[in-house]
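Enquirer: The following file, upload31.tsv, comprises TSV, C-alpha atoms:
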```
chain	number	residue	atom	x	y	z
A	1	MET	CA	-7.29	-6.30	20.93
A	2	THR	CA	-5.58	-3.61	18.85
A	3	SER	CA	-7.01	-0.13	18.60
A	4	THR	CA	-8.27	1.41	15.39
A	5	TYR	CA	-5.34	3.80	15.44
A	6	ILE	CA	-2.81	1.00	15.75
A	7	GLU	CA	-4.59	-0.93	13.01
A	8	SER	CA	-4.27	2.07	10.75
A	9	LEU	CA	-0.54	2.11	11.43
A	10	LEU	CA	-0.24	-1.55	10.50
A	11	LYS	CA	-1.98	-1.49	7.13
A	12	GLY	CA	1.15	-1.40	5.00
A	13	VAL	CA	2.42	-4.47	3.22
A	14	ALA	CA	5.92	-3.34	4.28
A	15	LEU	CA	5.14	-5.31	7.42
A	16	ASP	CA	6.32	-8.46	5.62
A	17	ALA	CA	9.86	-7.17	5.31
A	18	ALA	CA	9.90	-5.64	8.78
A	19	LEU	CA	8.73	-8.84	10.47
A	20	LEU	CA	11.28	-10.98	8.65
A	21	ASP	CA	13.95	-8.53	9.76
A	22	VAL	CA	12.75	-8.80	13.38
A	23	ALA	CA	12.81	-12.61	13.27
A	24	LEU	CA	16.22	-12.82	11.60
A	25	SER	CA	17.77	-10.38	14.04
A	26	ALA	CA	16.30	-12.22	17.04
A	27	GLU	CA	17.66	-15.52	15.77
A	28	GLN	CA	21.12	-14.00	15.50
A	29	GLU	CA	21.16	-11.95	18.68
A	30	VAL	CA	19.29	-13.95	21.32
A	31	ASP	CA	21.21	-16.87	22.85
A	32	GLU	CA	20.07	-20.46	22.20
A	33	VAL	CA	17.60	-19.52	19.44
A	34	HIS	CA	17.61	-21.96	16.51
A	35	SER	CA	14.59	-20.66	14.66
A	36	ALA	CA	12.38	-17.60	15.02
A	37	GLY	CA	9.03	-16.41	13.83
A	38	ALA	CA	7.20	-13.12	14.14
A	39	VAL	CA	3.55	-12.39	13.67
A	40	VAL	CA	1.37	-9.32	13.70
A	41	GLU	CA	-2.36	-9.67	14.08
A	42	ARG	CA	-4.26	-7.20	11.93
A	43	GLU	CA	-7.99	-6.77	12.16
A	44	PRO	CA	-9.86	-7.24	9.93
A	45	ASP	CA	-7.16	-7.94	7.33
A	46	GLY	CA	-5.70	-10.98	9.05
A	47	ARG	CA	-2.25	-11.81	10.31
A	48	VAL	CA	1.13	-11.18	8.76
A	49	LEU	CA	3.77	-13.86	9.38
A	50	ALA	CA	7.49	-14.21	8.88
A	51	SER	CA	9.90	-16.96	9.91
A	52	THR	CA	13.60	-17.62	9.59
A	53	SER	CA	13.39	-21.33	8.76
A	54	THR	CA	11.01	-24.22	8.24
A	55	LEU	CA	10.99	-25.11	11.95
A	56	ALA	CA	9.30	-21.87	12.97
A	57	ALA	CA	7.19	-21.78	9.80
A	58	GLU	CA	5.81	-25.29	10.31
A	59	VAL	CA	5.20	-25.05	14.04
A	60	ASP	CA	3.71	-21.56	13.84
A	61	GLY	CA	1.48	-22.80	11.04
A	62	VAL	CA	0.11	-25.60	13.24
A	63	GLN	CA	-0.51	-23.11	16.00
A	64	TYR	CA	-2.43	-20.64	13.88
A	65	ARG	CA	-4.49	-23.34	12.22
A	66	SER	CA	-5.49	-24.76	15.60
A	67	GLY	CA	-5.96	-21.32	17.13
A	68	GLN	CA	-4.02	-22.30	20.24
A	69	GLY	CA	-0.43	-22.09	21.36
A	70	PRO	CA	2.07	-20.03	23.36
A	71	CYS	CA	2.55	-17.38	20.67
A	72	LEU	CA	-1.16	-16.62	20.47
A	73	HIS	CA	-1.32	-16.75	24.27
A	74	ALA	CA	1.50	-14.21	24.55
A	75	TYR	CA	-0.28	-11.89	22.14
A	76	ARG	CA	-3.69	-12.28	23.78
A	77	THR	CA	-2.46	-11.88	27.35
A	78	ASN	CA	0.39	-9.45	26.62
A	79	ARG	CA	2.68	-11.70	28.69
A	80	VAL	CA	5.83	-13.69	28.00
A	81	VAL	CA	5.33	-17.45	27.70
A	82	LEU	CA	8.20	-19.90	28.31
A	83	LEU	CA	7.35	-23.48	27.43
A	84	ASP	CA	9.67	-26.42	28.09
A	85	LEU	CA	8.24	-29.21	25.96
A	86	GLY	CA	9.73	-31.82	28.29
A	87	ASP	CA	7.83	-30.79	31.38
A	88	ASP	CA	4.27	-31.50	32.50
A	89	ASP	CA	2.66	-28.37	31.05
A	90	ARG	CA	0.16	-29.74	28.47
A	91	ARG	CA	-1.92	-26.66	27.75
A	92	TRP	CA	-1.54	-26.85	23.95
A	93	PRO	CA	-1.17	-30.54	23.02
A	94	THR	CA	-1.50	-30.11	19.23
A	95	PHE	CA	1.12	-27.38	19.16
A	96	GLN	CA	3.44	-29.23	21.53
A	97	ALA	CA	3.32	-32.44	19.48
A	98	ALA	CA	4.12	-30.50	16.30
A	99	ALA	CA	6.97	-28.60	17.95
A	100	LEU	CA	8.57	-31.77	19.29
A	101	ALA	CA	8.19	-33.47	15.91
A	102	ALA	CA	9.99	-30.52	14.29
A	103	GLY	CA	12.88	-30.82	16.75
A	104	ALA	CA	12.13	-27.96	19.14
A	105	HIS	CA	12.41	-28.50	22.87
A	106	THR	CA	11.93	-25.02	24.30
A	107	VAL	CA	9.68	-22.21	23.09
A	108	LEU	CA	9.77	-18.59	24.16
A	109	SER	CA	7.01	-16.22	23.02
A	110	VAL	CA	7.35	-12.50	23.68
A	111	PRO	CA	4.60	-9.99	22.88
A	112	LEU	CA	5.41	-7.44	20.19
A	113	ARG	CA	4.04	-4.08	21.23
A	114	LEU	CA	3.38	-0.81	19.49
A	115	ASP	CA	2.72	2.12	21.79
A	116	ASP	CA	2.34	-0.45	24.60
A	117	VAL	CA	-0.46	-2.20	22.75
A	118	PRO	CA	0.19	-5.88	21.89
A	119	ILE	CA	0.14	-6.30	18.13
A	120	GLY	CA	1.56	-9.82	17.81
A	121	SER	CA	4.42	-11.90	19.11
A	122	LEU	CA	8.02	-12.83	18.56
A	123	ASN	CA	8.42	-16.58	18.80
A	124	LEU	CA	11.78	-18.18	19.53
A	125	TYR	CA	12.47	-21.91	19.22
A	126	SER	CA	15.43	-23.77	20.68
A	127	ARG	CA	16.49	-27.34	19.99
A	128	SER	CA	17.99	-27.45	23.51
A	129	ARG	CA	16.09	-28.69	26.55
A	130	GLY	CA	15.69	-26.16	29.35
A	131	ALA	CA	16.89	-23.31	27.18
A	132	PHE	CA	16.26	-19.61	27.77
A	133	SER	CA	17.42	-18.60	31.23
A	134	THR	CA	15.89	-15.63	33.01
A	135	LYS	CA	18.67	-13.46	31.63
A	136	VAL	CA	17.97	-14.60	28.06
A	137	ILE	CA	14.26	-14.01	28.54
A	138	ARG	CA	14.97	-10.46	29.67
A	139	THR	CA	17.20	-9.97	26.66
A	140	ALA	CA	14.46	-11.20	24.37
A	141	GLU	CA	11.91	-8.96	26.07
A	142	LEU	CA	14.13	-5.94	25.80
A	143	TYR	CA	14.90	-6.90	22.24
A	144	ALA	CA	11.24	-7.25	21.36
A	145	ARG	CA	10.47	-3.68	22.40
A	146	PRO	CA	12.66	-1.93	19.84
A	147	ALA	CA	11.82	-4.70	17.41
A	148	ALA	CA	8.16	-3.87	17.74
A	149	LEU	CA	8.90	-0.17	17.58
A	150	ARG	CA	10.68	-0.67	14.30
A	151	LEU	CA	7.37	-1.77	12.87
A	152	SER	CA	6.12	1.73	13.38
A	153	TRP	CA	8.43	2.81	10.56
A	154	CYS	CA	5.97	1.14	8.25
A	155	GLY	CA	3.18	2.84	10.13
A	156	VAL	CA	4.63	6.29	9.50
A	157	ALA	CA	4.81	5.68	5.76
A	158	VAL	CA	1.27	4.30	5.67
A	159	HIS	CA	0.08	7.18	7.82
A	160	ALA	CA	1.57	9.56	5.25
A	161	VAL	CA	-0.48	7.83	2.54
A	162	ASP	CA	-3.64	8.23	4.63
A	163	THR	CA	-2.90	11.91	5.21
A	164	ALA	CA	-2.31	12.46	1.49
A	165	GLU	CA	-5.60	10.75	0.68
A	166	VAL	CA	-7.52	12.92	3.13
A	167	ALA	CA	-5.93	16.09	1.75
A	168	ALA	CA	-6.41	15.01	-1.87
A	169	LEU	CA	-10.09	14.24	-1.39
A	170	GLU	CA	-10.61	17.60	0.25
A	171	LEU	CA	-8.72	19.33	-2.56
A	172	GLN	CA	-11.04	17.61	-5.03
A	173	ASP	CA	-14.07	18.82	-3.05
A	174	ARG	CA	-12.55	22.29	-2.99
A	175	ALA	CA	-12.11	22.20	-6.76
A	176	VAL	CA	-15.80	21.48	-7.29
A	177	VAL	CA	-16.84	24.28	-4.92
A	178	GLU	CA	-14.40	26.72	-6.53
A	179	ARG	CA	-15.59	25.90	-10.04
A	180	ALA	CA	-19.15	26.49	-8.87
A	181	LEU	CA	-18.05	29.85	-7.48
A	182	GLY	CA	-16.53	30.65	-10.86
A	183	VAL	CA	-19.80	29.73	-12.55
A	184	LEU	CA	-21.75	32.02	-10.22
A	185	MET	CA	-19.22	34.84	-10.66
A	186	ALA	CA	-19.77	34.66	-14.42
A	187	VAL	CA	-23.54	34.20	-14.27
A	188	HIS	CA	-23.94	37.25	-12.02
A	189	ALA	CA	-21.15	39.22	-13.73
A	190	ASP	CA	-19.75	39.78	-10.28
A	191	PRO	CA	-16.05	39.02	-9.63
A	192	SER	CA	-16.43	38.87	-5.85
A	193	VAL	CA	-15.58	35.42	-4.53
A	194	GLU	CA	-17.25	36.23	-1.22
A	195	ARG	CA	-20.55	37.15	-2.86
A	196	ALA	CA	-20.39	34.10	-5.10
A	197	ARG	CA	-19.86	31.99	-2.02
A	198	LEU	CA	-22.85	33.61	-0.33
A	199	ARG	CA	-24.98	32.84	-3.38
A	200	LEU	CA	-23.79	29.23	-3.37
A	201	GLU	CA	-24.56	28.87	0.33
A	202	GLN	CA	-28.06	30.26	-0.24
A	203	ALA	CA	-28.59	27.87	-3.15
A	204	ALA	CA	-27.33	24.96	-1.04
A	205	ALA	CA	-29.72	25.87	1.77
A	206	GLY	CA	-32.57	26.13	-0.74
A	207	MET	CA	-31.76	22.68	-2.12
A	208	GLY	CA	-31.23	21.19	1.32
A	209	LEU	CA	-27.72	20.08	0.34
A	210	ASP	CA	-24.30	20.67	1.79
A	211	LEU	CA	-21.95	22.97	-0.08
A	212	PRO	CA	-19.92	20.42	-2.11
A	213	LEU	CA	-23.07	18.62	-3.30
A	214	ALA	CA	-24.79	21.86	-4.24
A	215	ALA	CA	-21.61	22.93	-6.01
A	216	ALA	CA	-21.54	19.71	-7.99
A	217	ARG	CA	-25.08	20.46	-9.25
A	218	VAL	CA	-24.13	23.99	-10.25
A	219	VAL	CA	-21.08	22.74	-12.14
A	220	ALA	CA	-23.03	19.95	-13.86
A	221	ALA	CA	-25.76	22.33	-15.06
A	222	PRO	CA	-24.64	25.97	-14.92
A	223	PRO	CA	-27.59	28.38	-14.62
A	224	GLY	CA	-28.22	30.96	-17.34
A	225	PRO	CA	-27.21	34.62	-16.99
A	226	ALA	CA	-28.90	36.35	-14.07
A	227	GLY	CA	-31.56	38.83	-15.00
B	1	MET	CA	1.75	22.86	18.27
B	2	LEU	CA	1.74	23.67	14.57
B	3	SER	CA	3.14	26.98	13.37
B	4	PRO	CA	0.66	29.91	13.32
B	5	ASP	CA	1.21	30.40	9.56
B	6	LEU	CA	0.34	26.80	8.87
B	7	LEU	CA	-2.75	26.96	11.07
B	8	ALA	CA	-3.92	30.08	9.22
B	9	ASP	CA	-3.39	28.38	5.86
B	10	LEU	CA	-5.24	25.26	6.98
B	11	SER	CA	-8.11	27.40	8.19
B	12	ASP	CA	-8.32	28.78	4.66
B	13	TRP	CA	-8.03	25.23	3.32
B	14	GLY	CA	-11.21	24.27	5.14
B	15	LEU	CA	-13.07	27.44	4.21
B	16	HIS	CA	-14.96	25.94	1.26
B	17	LEU	CA	-15.60	22.63	2.99
B	18	HIS	CA	-18.13	23.87	5.53
B	19	GLU	CA	-15.87	23.08	8.49
B	20	ARG	CA	-15.77	19.43	7.51
B	21	SER	CA	-12.03	19.45	6.88
B	22	PHE	CA	-9.97	16.70	8.48
B	23	THR	CA	-6.70	17.78	6.91
B	24	GLN	CA	-5.50	19.81	9.90
B	25	LEU	CA	-6.08	16.93	12.30
B	26	SER	CA	-4.53	14.46	9.89
B	27	VAL	CA	-1.33	16.45	9.24
B	28	ASP	CA	-0.93	17.12	12.96
B	29	MET	CA	-1.29	13.43	13.79
B	30	LEU	CA	1.27	12.49	11.16
B	31	LEU	CA	3.76	14.95	12.64
B	32	ARG	CA	3.26	13.46	16.11
B	33	ASP	CA	3.57	9.95	14.74
B	34	LEU	CA	6.75	10.86	12.87
B	35	ARG	CA	8.32	12.47	15.95
B	36	ARG	CA	7.40	9.51	18.11
B	37	THR	CA	9.15	7.20	15.67
B	38	VAL	CA	12.08	9.51	14.95
B	39	PRO	CA	12.71	11.82	17.92
B	40	SER	CA	14.96	14.04	15.79
B	41	ALA	CA	12.25	14.57	13.15
B	42	LEU	CA	11.53	18.24	12.53
B	43	GLY	CA	8.63	18.09	10.10
B	44	TYR	CA	7.62	17.17	6.60
B	45	THR	CA	6.33	18.45	3.28
B	46	LEU	CA	3.46	16.78	1.47
B	47	VAL	CA	3.09	17.64	-2.23
B	48	LEU	CA	-0.16	16.85	-4.02
B	49	GLY	CA	-0.80	17.06	-7.74
B	50	LEU	CA	-4.24	16.33	-9.14
B	51	ALA	CA	-4.23	14.68	-12.53
B	52	SER	CA	-6.52	17.26	-14.09
B	53	GLY	CA	-3.73	19.71	-14.86
B	54	LEU	CA	-4.16	21.89	-11.78
B	55	PRO	CA	-1.27	23.55	-9.93
B	56	GLU	CA	0.49	21.46	-7.30
B	57	VAL	CA	-0.35	22.16	-3.68
B	58	SER	CA	2.14	21.48	-0.92
B	59	ILE	CA	1.71	21.41	2.85
B	60	THR	CA	4.78	21.87	5.01
B	61	VAL	CA	4.16	20.78	8.58
B	62	ALA	CA	6.53	21.87	11.33
B	63	HIS	CA	6.50	23.86	14.52
B	64	ALA	CA	8.62	26.61	12.99
B	65	ARG	CA	10.69	27.38	9.87
B	66	LEU	CA	13.46	24.89	9.17
B	67	THR	CA	16.82	26.33	8.17
B	68	PRO	CA	19.50	24.44	6.24
B	69	ASP	CA	21.73	24.23	9.33
B	70	GLN	CA	18.92	22.56	11.30
B	71	VAL	CA	18.02	19.88	8.78
B	72	LEU	CA	20.76	17.24	8.62
B	73	SER	CA	18.87	14.44	6.92
B	74	SER	CA	15.77	13.90	4.85
B	75	ILE	CA	13.92	11.24	2.95
B	76	ALA	CA	11.47	11.74	0.11
B	77	PHE	CA	9.25	9.09	-1.43
B	78	ASP	CA	6.16	8.75	-3.58
B	79	LEU	CA	2.89	7.88	-1.89
B	80	PRO	CA	0.58	5.37	-3.57
B	81	VAL	CA	-2.57	7.45	-3.39
B	82	ALA	CA	-5.70	6.45	-5.27
B	83	HIS	CA	-8.01	8.69	-7.32
B	84	GLY	CA	-5.41	9.69	-9.91
B	85	VAL	CA	-3.53	11.92	-7.49
B	86	VAL	CA	0.24	12.22	-7.51
B	87	ALA	CA	1.60	12.56	-3.99
B	88	ARG	CA	5.10	12.77	-2.54
B	89	VAL	CA	6.28	13.32	1.01
B	90	THR	CA	9.61	14.57	2.37
B	91	PHE	CA	10.49	14.03	6.03
B	92	TYR	CA	13.12	16.25	7.70
B	93	ALA	CA	15.27	15.46	10.76
B	94	GLY	CA	17.89	17.22	12.85
B	95	LEU	CA	20.29	14.25	12.96
B	96	GLU	CA	22.32	12.68	10.20
B	97	CYS	CA	21.15	9.35	8.76
B	98	ALA	CA	17.90	9.56	10.72
B	99	PHE	CA	15.89	7.97	7.93
B	100	ASP	CA	18.29	5.28	6.70
B	101	ARG	CA	16.25	2.58	8.42
B	102	LEU	CA	13.02	3.81	6.86
B	103	GLY	CA	14.72	3.91	3.46
B	104	ASP	CA	15.74	0.26	3.78
B	105	LEU	CA	12.22	-0.77	4.72
B	106	LEU	CA	10.64	1.22	1.92
B	107	VAL	CA	12.98	-0.22	-0.69
B	108	ALA	CA	11.97	-3.71	0.45
B	109	SER	CA	8.30	-2.81	0.37
B	110	ALA	CA	6.06	-3.78	-2.52
B	111	THR	CA	3.92	-0.71	-1.89
B	112	PHE	CA	6.54	2.02	-1.77
B	113	GLY	CA	9.81	0.79	-3.21
B	114	PRO	CA	12.19	0.55	-4.78
B	115	GLY	CA	11.91	3.53	-7.14
B	116	GLY	CA	11.52	7.15	-6.18
B	117	ILE	CA	13.05	6.97	-2.71
B	118	GLU	CA	15.60	9.70	-2.09
B	119	LEU	CA	17.71	9.95	1.06
B	120	GLY	CA	19.18	13.41	1.53
B	121	ARG	CA	21.63	15.11	3.84
B	122	GLY	CA	19.53	18.20	4.38
B	123	VAL	CA	17.90	21.09	2.58
B	124	ARG	CA	19.45	23.87	0.50
B	125	GLU	CA	16.87	26.49	1.36
B	126	THR	CA	14.80	27.35	4.41
B	127	VAL	CA	11.58	25.37	4.58
B	128	GLU	CA	8.60	27.48	5.62
B	129	PRO	CA	5.61	25.87	7.35
B	130	GLY	CA	2.35	26.53	5.54
B	131	VAL	CA	0.35	25.65	2.48
B	132	GLN	CA	1.81	26.68	-0.86
B	133	GLY	CA	-0.02	26.75	-4.19
B	134	LEU	CA	-3.55	26.80	-2.80
B	135	ALA	CA	-4.30	30.32	-4.03
B	136	ASP	CA	-3.20	29.46	-7.58
B	137	TYR	CA	-5.18	26.23	-7.38
B	138	SER	CA	-8.30	28.18	-6.44
B	139	ARG	CA	-7.83	30.83	-9.14
B	140	VAL	CA	-7.53	28.17	-11.85
B	141	ASN	CA	-10.70	26.51	-10.59
B	142	TYR	CA	-12.58	29.82	-10.61
B	143	ALA	CA	-11.47	30.30	-14.20
B	144	VAL	CA	-12.67	26.83	-15.15
B	145	GLY	CA	-16.03	27.71	-13.59
B	146	VAL	CA	-16.23	30.91	-15.63
B	147	LEU	CA	-15.57	28.94	-18.79
B	148	LEU	CA	-18.21	26.36	-17.83
B	149	ALA	CA	-20.70	29.21	-17.45
B	150	ARG	CA	-19.84	30.27	-20.99
B	151	GLY	CA	-21.07	26.92	-22.21
B	152	LYS	CA	-17.76	25.10	-22.52
B	153	SER	CA	-17.45	21.51	-21.37
B	154	PHE	CA	-14.92	20.62	-18.71
B	155	ASP	CA	-12.47	19.33	-21.32
B	156	GLN	CA	-13.02	22.38	-23.53
B	157	ALA	CA	-12.39	24.66	-20.55
B	158	HIS	CA	-9.06	22.99	-19.84
B	159	ALA	CA	-8.14	23.05	-23.53
B	160	HIS	CA	-8.92	26.76	-23.60
B	161	LEU	CA	-6.71	27.37	-20.57
B	162	ARG	CA	-3.87	25.40	-22.13
B	163	HIS	CA	-4.23	27.54	-25.25
B	164	LEU	CA	-4.04	30.69	-23.12
B	165	VAL	CA	-0.91	29.40	-21.42
B	166	GLU	CA	0.88	29.77	-24.76
B	167	GLN	CA	0.03	33.48	-24.75
B	168	HIS	CA	0.44	34.23	-21.04
B	169	GLY	CA	3.27	31.95	-20.07
B	170	SER	CA	1.74	30.06	-17.17
B	171	LEU	CA	-1.46	28.39	-16.08
B	172	GLU	CA	-1.85	30.88	-13.27
B	173	ALA	CA	-1.52	33.83	-15.66
B	174	ALA	CA	-3.97	32.20	-18.06
B	175	ALA	CA	-6.48	31.83	-15.23
B	176	GLU	CA	-6.03	35.47	-14.24
B	177	HIS	CA	-6.68	36.49	-17.84
B	178	VAL	CA	-10.00	34.61	-17.83
B	179	LEU	CA	-10.98	36.10	-14.48
B	180	LEU	CA	-10.10	39.65	-15.52
B	181	THR	CA	-12.06	39.45	-18.72
B	182	PHE	CA	-14.97	37.19	-17.84
B	183	ASN	CA	-17.59	39.96	-17.66
B	184	ALA	CA	-16.28	41.89	-20.62
```
Can you dump the structure from the file as structure tokens?

Expert:
Amino acid sequence: MTSTYIESLLKGVALDAALLDVALSAEQEVDEVHSAGAVVEREPDGRVLASTSTLAAEVDGVQYRSGQGPCLHAYRTNRVVLLDLGDDDRRWPTFQAAALAAGAHTVLSVPLRLDDVPIGSLNLYSRSRGAFSTKVIRTAELYARPAALRLSWCGVAVHAVDTAEVAALELQDRAVVERALGVLMAVHADPSVERARLRLEQAAAGMGLDLPLAAARVVAAPPGPAG
Amino acid sequence: MLSPDLLADLSDWGLHLHERSFTQLSVDMLLRDLRRTVPSALGYTLVLGLASGLPEVSITVAHARLTPDQVLSSIAFDLPVAHGVVARVTFYAGLECAFDRLGDLLVASATFGPGGIELGRGVRETVEPGVQGLADYSRVNYAVGVLLARGKSFDQAHAHLRHLVEQHGSLEAAAEHVLLTFNA
């Protein structure tokens, strides 16, 4: 569901710390929450999980192993899911049995979004029946937006790494081309960079190679002095 | 829009790459991403050092020059870049404490933290958008090429340049000496 661009923002392992921070803050700041979990789905690397206590960890674990549950549904549909485990809604029986066994009675799953794209969910568990009023749900939704945005902090740092790698690789290519130009300047006893570059371009065209590859050949086996 | 000076420098950056350079697009996207995350962000400087003893190259990305009275906070941290490259980035912002949250996250991160992260309150000197060090980088590489043409190996060429540094005071001056005398 996530775009390539969003995936690139989510590659950092700093996600672990950010998600735990999101879950801990939600547990403290949203009424009636007794345990919280947060998950980000990364493709193809897999999901990153964090939870504030064993309740969320165990129940989320059941959900992800079975591939079904309100948290996954919230992520996949980009919609909030409120599940009262005491009512007749039996859409996810494996998850619901595990949640009840762990002591949860109400589950609220809110999509985490980055740039309006769902990237995972914030999952809130309450031991109270009929918990999470409309007002609390709105609070959680509003809370999830900046919570998700905070994940983009990690994205900025990872994006900086990607930018550095692009620039470094191009600098390395430049170095090879420039050394080849130096070789040709010496071979032709001609200090003009422009003319050396023209000679390299002609050699590259003759070899059917692009400039960096042709340059690599010149550097690996410098030609003898030009007659 | 990036500053005209920076765009001119990045055009030169891509000159030897047969218009296959992605650096301009990449640095522009990072600036947009940074400003979306931190609305007060003003720009950043990316410093790259290749392990082979070449001069450092830095790219400062901003819409215009950044004066000390404009920059009220900054954060600098090392980037875990592969291929033996040393890389460090500094983000600048126009509000105080704009990067405290990022600092906390980076310290907790196995990839970035905890060492090498510096939160600052601003800059002492004006930061100019553009690419610095690229001309020296190129001149040293030309000199290495000249030495390769003389039959030296890559390692011998670098050893020769290091020897010349003792006489000429800097790597850049050593490279100029080679380039001035190569056809003598």

Enquirer: Return as JSON, numbers by chain the residues belonging to chain B that are within 8 Å of chain A, counting all atoms listed in the file.

Expert: {"B": [16, 17, 18, 21, 22, 23, 26, 27, 30, 33, 34, 37, 46, 48, 50, 79, 80, 81, 82, 85, 87, 89, 102, 105, 106, 108, 109, 110, 111, 138, 141, 142, 143, 144, 145, 146, 147, 148, 149, 150, 179, 182, 183]}

Enquirer: Can you work out which one of B:Ser40, B:Val123, B:Phe77, B:Asp69 has the shortest atom-to-atom distance to Gly103 (chain B), counting only C-alpha atoms?

Expert: B:Phe77

Enquirer: At what distance in Å, to one decimal, does CA of Leu24 (chain A) lie from CA of Glu41 (chain A)?

Expert: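 About the pair CA of Glu41 (chain A) and CA of Leu24 (chain A): they are 19.0 Å apart.
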
Enquirer: Rounded to one decimal place, report the CA of Pro111 (chain A)-CA of Gln68 (chain A) distance in Å.

Expert: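 Calculated distance between CA of Pro111 (chain A) and CA of Gln68 (chain A) is 15.3 Å.
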
Enquirer: Box for region 26-30 of chain A: with edges along x, y and z, all listed atoms inside and 4 Å added on each side, what are the centre and edge lengths in Å to one decimal, as AutoDock Vina command-line options?

Expert:
```
--center_x 18.7 --center_y -13.7 --center_z 18.4 --size_x 12.9 --size_y 11.6 --size_z 13.8
```

Enquirer: Please work out which residues fall within 10 Å of (6.7, 14.8, 6.5), coordinates as given in the file, with all atoms listed in the file counting, and return them as number ranges by chain.

Expert: A: 156-157, 160; B: 27, 30-31, 34-35, 41-47, 59-62, 74-76, 88-93

Enquirer: May I ask for the distance between CA of Glu27 (chain A) and CA of Glu43 (chain A), given in Å to one decimal place?

Expert: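 Between these atoms lies a distance of 27.3 Å.
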